[in-house]
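Enquirer: My structure is in final_13.cif, and what it holds is mmCIF, C-alpha atoms:
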```
data_coords
#
loop_
_atom_site.label_atom_id
_atom_site.label_comp_id
_atom_site.auth_asym_id
_atom_site.auth_seq_id
_atom_site.Cartn_x
_atom_site.Cartn_y
_atom_site.Cartn_z
CA MET A 1 0.00 0.00 0.00
CA ASN A 2 1.47 3.38 -0.96
CA ASN A 3 0.60 6.74 0.57
CA GLN A 4 -2.31 7.31 -1.83
CA THR A 5 -4.06 3.95 -1.48
CA GLY A 6 -6.27 2.76 1.28
CA ILE A 7 -8.89 4.54 3.32
CA LYS A 8 -8.14 7.81 5.09
CA VAL A 9 -8.56 7.01 8.78
CA TRP A 10 -6.29 9.31 10.77
CA GLY A 11 -6.60 12.97 9.89
CA LEU A 12 -3.68 15.35 10.04
CA PRO A 13 -4.69 16.81 13.44
CA VAL A 14 -4.61 13.36 15.11
CA ARG A 15 -1.31 12.43 13.48
CA VAL A 16 0.39 15.71 14.37
CA PHE A 17 -0.99 15.41 17.92
CA HIS A 18 0.26 11.82 18.24
CA TRP A 19 3.82 12.37 17.03
CA THR A 20 4.22 15.73 18.79
CA LEU A 21 3.07 14.08 22.02
CA VAL A 22 5.61 11.29 21.53
CA VAL A 23 8.45 13.79 21.20
CA ALA A 24 7.23 16.09 24.00
CA PHE A 25 6.64 13.23 26.45
CA PHE A 26 10.08 11.72 25.96
CA LEU A 27 11.72 15.15 26.03
CA SER A 28 9.98 15.91 29.30
CA TYR A 29 10.69 12.47 30.74
CA LEU A 30 14.39 12.59 29.90
CA THR A 31 14.93 16.14 31.22
CA GLU A 32 13.17 15.75 34.59
CA ASP A 33 16.03 16.65 36.95
CA ASP A 34 18.74 18.30 34.92
CA PHE A 35 16.98 20.75 32.61
CA LEU A 36 13.99 22.16 34.49
CA THR A 37 13.20 24.86 31.92
CA LEU A 38 13.12 22.38 29.04
CA HIS A 39 11.15 19.92 31.21
CA THR A 40 8.61 22.64 32.02
CA VAL A 41 8.23 23.83 28.43
CA ALA A 42 7.72 20.24 27.26
CA GLY A 43 5.15 19.79 30.05
CA TYR A 44 3.22 22.87 28.95
CA LEU A 45 3.30 21.59 25.37
CA ILE A 46 1.88 18.27 26.56
CA CYS A 47 -0.81 20.18 28.47
CA GLY A 48 -1.82 22.01 25.30
CA LEU A 49 -1.81 18.76 23.36
CA VAL A 50 -4.01 16.99 25.91
CA LEU A 51 -6.48 19.89 25.92
CA PHE A 52 -6.52 19.84 22.12
CA ARG A 53 -7.11 16.06 22.05
CA LEU A 54 -9.96 16.31 24.55
CA ALA A 55 -11.65 18.93 22.36
CA TRP A 56 -10.87 17.05 19.14
CA GLY A 57 -12.33 13.91 20.70
CA LEU A 58 -15.65 15.73 20.80
CA VAL A 59 -15.65 17.63 17.50
CA GLY A 60 -13.01 15.95 15.31
CA ASP A 61 -13.44 13.66 12.38
CA ARG A 62 -15.14 10.26 12.67
CA HIS A 63 -12.27 8.12 13.92
CA ALA A 64 -10.95 10.85 16.23
CA ARG A 65 -14.20 11.19 18.18
CA PHE A 66 -14.39 9.43 21.53
CA SER A 67 -17.89 8.24 20.63
CA SER A 68 -16.37 6.06 17.89
CA PHE A 69 -13.90 4.17 20.07
CA VAL A 70 -14.52 4.52 23.80
CA LYS A 71 -16.27 1.34 24.94
CA ARG A 72 -17.56 -0.01 28.23
CA PRO A 73 -15.25 -2.39 30.14
CA LEU A 74 -16.90 -5.66 29.02
CA PRO A 75 -16.24 -5.17 25.27
CA VAL A 76 -12.65 -4.16 26.08
CA ILE A 77 -12.12 -7.28 28.20
CA THR A 78 -13.77 -9.45 25.55
CA TYR A 79 -11.54 -7.93 22.88
CA LEU A 80 -8.41 -8.58 24.97
CA GLY A 81 -9.51 -12.23 25.27
CA ASP A 82 -10.01 -12.37 21.51
CA ILE A 83 -6.50 -11.01 21.00
CA ALA A 84 -5.07 -13.73 23.24
CA ALA A 85 -7.03 -16.36 21.28
CA PHE A 86 -5.84 -14.89 17.92
CA ARG A 87 -9.39 -14.17 16.80
CA ALA A 88 -9.59 -10.43 17.39
CA GLU A 89 -11.77 -8.55 14.94
CA ARG A 90 -9.99 -5.91 12.87
CA HIS A 91 -11.17 -2.32 13.32
CA LEU A 92 -10.63 0.50 10.87
CA GLY A 93 -10.20 3.02 13.69
CA HIS A 94 -9.20 2.24 17.27
CA ASN A 95 -10.12 -1.23 18.49
CA PRO A 96 -11.70 -1.46 21.97
CA ALA A 97 -8.32 -2.05 23.67
CA GLY A 98 -6.77 0.85 21.76
CA GLY A 99 -9.66 3.09 22.77
CA ALA A 100 -9.19 2.13 26.42
CA MET A 101 -5.49 2.90 26.07
CA VAL A 102 -6.22 6.37 24.67
CA VAL A 103 -8.43 7.09 27.69
CA ALA A 104 -5.85 5.66 30.14
CA LEU A 105 -3.02 7.68 28.58
CA LEU A 106 -5.01 10.92 28.59
CA MET A 107 -5.97 10.35 32.23
CA MET A 108 -2.42 9.57 33.34
CA LEU A 109 -1.00 12.48 31.37
CA SER A 110 -3.56 14.77 33.03
CA ILE A 111 -2.58 13.55 36.50
CA THR A 112 1.09 13.93 35.61
CA LEU A 113 0.51 17.46 34.32
CA PHE A 114 -1.55 18.62 37.30
CA THR A 115 0.86 17.23 39.88
CA GLY A 116 3.83 18.59 37.94
CA MET A 117 2.30 22.06 37.95
CA ALA A 118 1.51 21.68 41.66
CA ALA A 119 5.09 20.64 42.46
CA TYR A 120 6.47 23.44 40.26
CA GLY A 121 4.23 25.94 42.03
CA ALA A 122 5.22 24.70 45.48
CA GLU A 123 8.94 24.23 44.92
CA GLN A 124 9.75 26.94 42.37
CA LEU A 125 6.91 29.36 43.15
CA SER A 126 6.23 29.42 39.42
CA GLY A 127 3.55 28.33 37.01
CA PRO A 128 -0.24 28.50 37.04
CA LEU A 129 -0.59 26.86 40.48
CA ALA A 130 2.09 28.93 42.25
CA GLY A 131 -0.43 31.11 44.05
CA LEU A 132 -2.40 28.12 45.27
CA MET A 133 0.65 26.13 46.34
CA SER A 134 2.78 28.90 47.87
CA GLY A 135 1.06 28.94 51.25
CA LEU A 136 0.89 25.18 51.72
CA PRO A 137 3.25 23.09 53.84
CA TYR A 138 6.47 21.82 52.24
CA ALA A 139 5.17 18.23 52.49
CA VAL A 140 2.31 19.02 50.10
CA GLY A 141 4.76 20.06 47.37
CA LYS A 142 6.88 16.96 48.00
CA ALA A 143 3.77 14.77 47.81
CA ALA A 144 2.81 16.39 44.50
CA GLU A 145 6.34 15.75 43.24
CA GLY A 146 6.15 12.09 44.30
CA ILE A 147 2.79 11.58 42.59
CA HIS A 148 4.12 13.40 39.52
CA GLU A 149 7.11 11.05 39.26
CA PHE A 150 4.97 7.96 39.86
CA SER A 151 2.40 8.99 37.27
CA ALA A 152 5.10 9.82 34.70
CA ASN A 153 6.60 6.36 35.22
CA PHE A 154 3.16 4.74 35.02
CA THR A 155 2.52 6.67 31.81
CA LEU A 156 5.76 5.25 30.44
CA LEU A 157 4.50 1.75 31.32
CA LEU A 158 1.26 2.50 29.45
CA VAL A 159 3.31 3.66 26.44
CA ALA A 160 5.19 0.34 26.49
CA LEU A 161 1.88 -1.58 26.64
CA HIS A 162 0.56 0.60 23.81
CA LEU A 163 3.57 -0.33 21.68
CA VAL A 164 3.04 -4.03 22.44
CA GLY A 165 -0.62 -3.66 21.46
CA VAL A 166 0.31 -1.94 18.20
CA LEU A 167 2.80 -4.70 17.42
CA VAL A 168 0.33 -7.50 18.22
CA ALA A 169 -2.49 -5.88 16.23
CA SER A 170 -0.13 -5.21 13.31
CA LEU A 171 0.95 -8.85 13.25
CA GLN A 172 -2.53 -10.32 13.76
CA HIS A 173 -4.13 -8.18 11.07
CA ARG A 174 -1.11 -8.05 8.78
CA GLU A 175 -0.97 -4.28 8.58
CA ASN A 176 1.55 -1.66 9.60
CA LEU A 177 -0.22 0.49 12.17
CA VAL A 178 2.80 2.74 12.64
CA ARG A 179 2.78 3.56 8.93
CA SER A 180 -0.95 4.28 9.09
CA MET A 181 -0.30 6.79 11.88
CA ILE A 182 2.20 8.48 9.57
CA THR A 183 0.22 8.38 6.30
CA GLY A 184 -3.26 8.46 7.82
CA ARG A 185 -4.34 5.56 5.61
CA LYS A 186 -5.26 1.94 6.23
CA ARG A 187 -6.33 -0.81 3.91
CA PRO A 188 -10.12 -1.26 3.68
#
```
As structure tokens, how would this structure be written, given the file I've shared?
Expert:
Amino acid sequence: MNNQTGIKVWGLPVRVFHWTLVVAFFLSYLTEDDFLTLHTVAGYLICGLVLFRLAWGLVGDRHARFSSFVKRPLPVITYLGDIAAFRAERHLGHNPAGGAMVVALLMMLSITLFTGMAAYGAEQLSGPLAGLMSGLPYAVGKAAEGIHEFSANFTLLLVALHLVGVLVASLQHRENLVRSMITGRKRP
């Protein structure tokens, strides 16, 4: 399949969001202690990306909308069982497990962002939560920092599981899902 064949599934906004988030997350993750300014800028970029994705999930194109891929827990669990049994149904957009992963990643990124801003406000007296955090005990800022680090690490675990899911789905359905997130196209 070349770039002009197949069905357009992932629009440019979703693809730019996805790859920009990949770069910003790893930049932020790798600069946590040594380059606070770069870490903070990457965090603010992630915040903007998450806010964009939440809005785009409501008003974006068909496969970007949450209503097209967010499922209740039972279909997600059933789909995971079907994957393990090598009988998972192919989906043009996100499959139920992929939809659950999108929700989990957005939730964990949101927790990571909020606690990062809280820690930044408490420890550096900077950022949007500085006024709120400045009068609180030192332990509150340290707790926010601890939750921030835990949630960033948990997000990294989710990213690893996401990559495993992409690999398994690509192999089971004989399609390159990474390429489709670059080109926006998938076979019918």
Enquirer: I want to know what sits within 7 Å of Trp10 (chain A), based on only C-alpha atoms, with residues of the same chain fewer than 6 positions away left out; could you give that as a list in words?
Expert: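 So the residues in contact are His63, Met181, Gly184 and Arg185 of chain A.
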Enquirer: What lies within 10 Å of Val159 (chain A) using all atoms listed in the file, ignoring chain neighbours under 6 positions off, as a PyMOL selection string?
Expert: chain A and resi 22+101+105+153+165
Enquirer: Taking the file as I've supplied it (selection: the PyMOL selection byres ((chain A and resi 92) around 8)), which residues are included? Please answer as an NGL selection string.
Expert: :A and (9 or 90-91 or 93-95 or 186 or 188)
Enquirer: Pick from A:Val76, A:Arg174, A:Ala152, A:Ser126: nearest to Thr37 (chain A), with all atoms listed in the file counted?
Expert: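 Of the candidates, the smallest distance to Thr37 (chain A) is held by A:Ser126.
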Enquirer: Residues proximal to (-2.2, 7.3, 18.4) were defined as those with any atom within 10 Å of that point in the file's coordinates, counting all atoms listed in the file. Which are they, as a list in words?
Expert: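 Neighbouring residues, ordered by chain and number, come to Trp10, Val14, Arg15, Val16, Phe17, His18, Trp19, Leu21, Val22, Ala64, His94, Gly98, Gly99, Met101, Val102, His162, Val166, Leu177, Val178, Ser180, Met181 and Ile182 of chain A.
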Enquirer: Excluding Leu80 (chain A) and its own-chain neighbours fewer than 2 positions away, which residues fall within 12 Å of it when counting only C-alpha atoms? Please give them as an MDAnalysis selection string.
Expert: chainID A and resid 73:78 82:89 95:101 165 168:169
Enquirer: Of the candidates A:Ser134, A:Leu163, A:Glu149, A:Phe69, which one gets nearest to Asp33 (chain A) if we count all atoms listed in the file?
Expert: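 Checking each candidate against Asp33 (chain A), we get A:Glu149 as the closest.
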Enquirer: Could you tell me which residues the PyMOL selection byres ((chain A and resi 108) around 8) grabs in this file, written as a list in words?
Expert: Ala104, Leu105, Leu106, Met107, Leu109, Ser110, Ile111, Thr112, Ser151, Ala152, Phe154 and Thr155 of chain A
Enquirer: One decimal, in Å: what's the spacing between CA of Leu27 (chain A) and CA of Gly43 (chain A)?
Expert: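 Computing it gives 9.0 Å between the two atoms.
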Enquirer: One decimal, in Å: what's the spacing between CA of Gly81 (chain A) and CA of Val103 (chain A)?
Expert: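 These atoms are spaced 19.5 Å apart.
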Enquirer: May I ask for the distance between CA of Leu45 (chain A) and CA of Phe25 (chain A), given in Å to one decimal place?
Expert: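 Distance between the two atoms: 9.1 Å.
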Enquirer: When you count only C-alpha atoms, which of these residues is closest to Ile46 (chain A): A:Val59, A:Val70, A:Gly116, A:Thr5?
Expert: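 For Ile46 (chain A), the nearest of the given residues is A:Gly116.
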Enquirer: Given all atoms listed in the file as the basis, pick out the residue of A:Ala24, A:Leu54, A:Glu145, A:Glu175 nearest to Ala42 (chain A).
Expert: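 Among A:Ala24, A:Leu54, A:Glu145, A:Glu175, it is A:Ala24 that comes nearest to Ala42 (chain A).
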Enquirer: The PyMOL selection byres ((chain A and resi 121) around 10) - which residues does that actually catch in the file I just gave you? List them as number ranges by chain.
Expert: A: 115-120, 122-134, 141, 144
Enquirer: Tell me which of A:Phe114, A:Gly11, A:Leu49, A:Lys142 sits closest to Arg65 (chain A), counting only C-alpha atoms.
Expert: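 Ranked by minimum distance to Arg65 (chain A), first place goes to A:Gly11.
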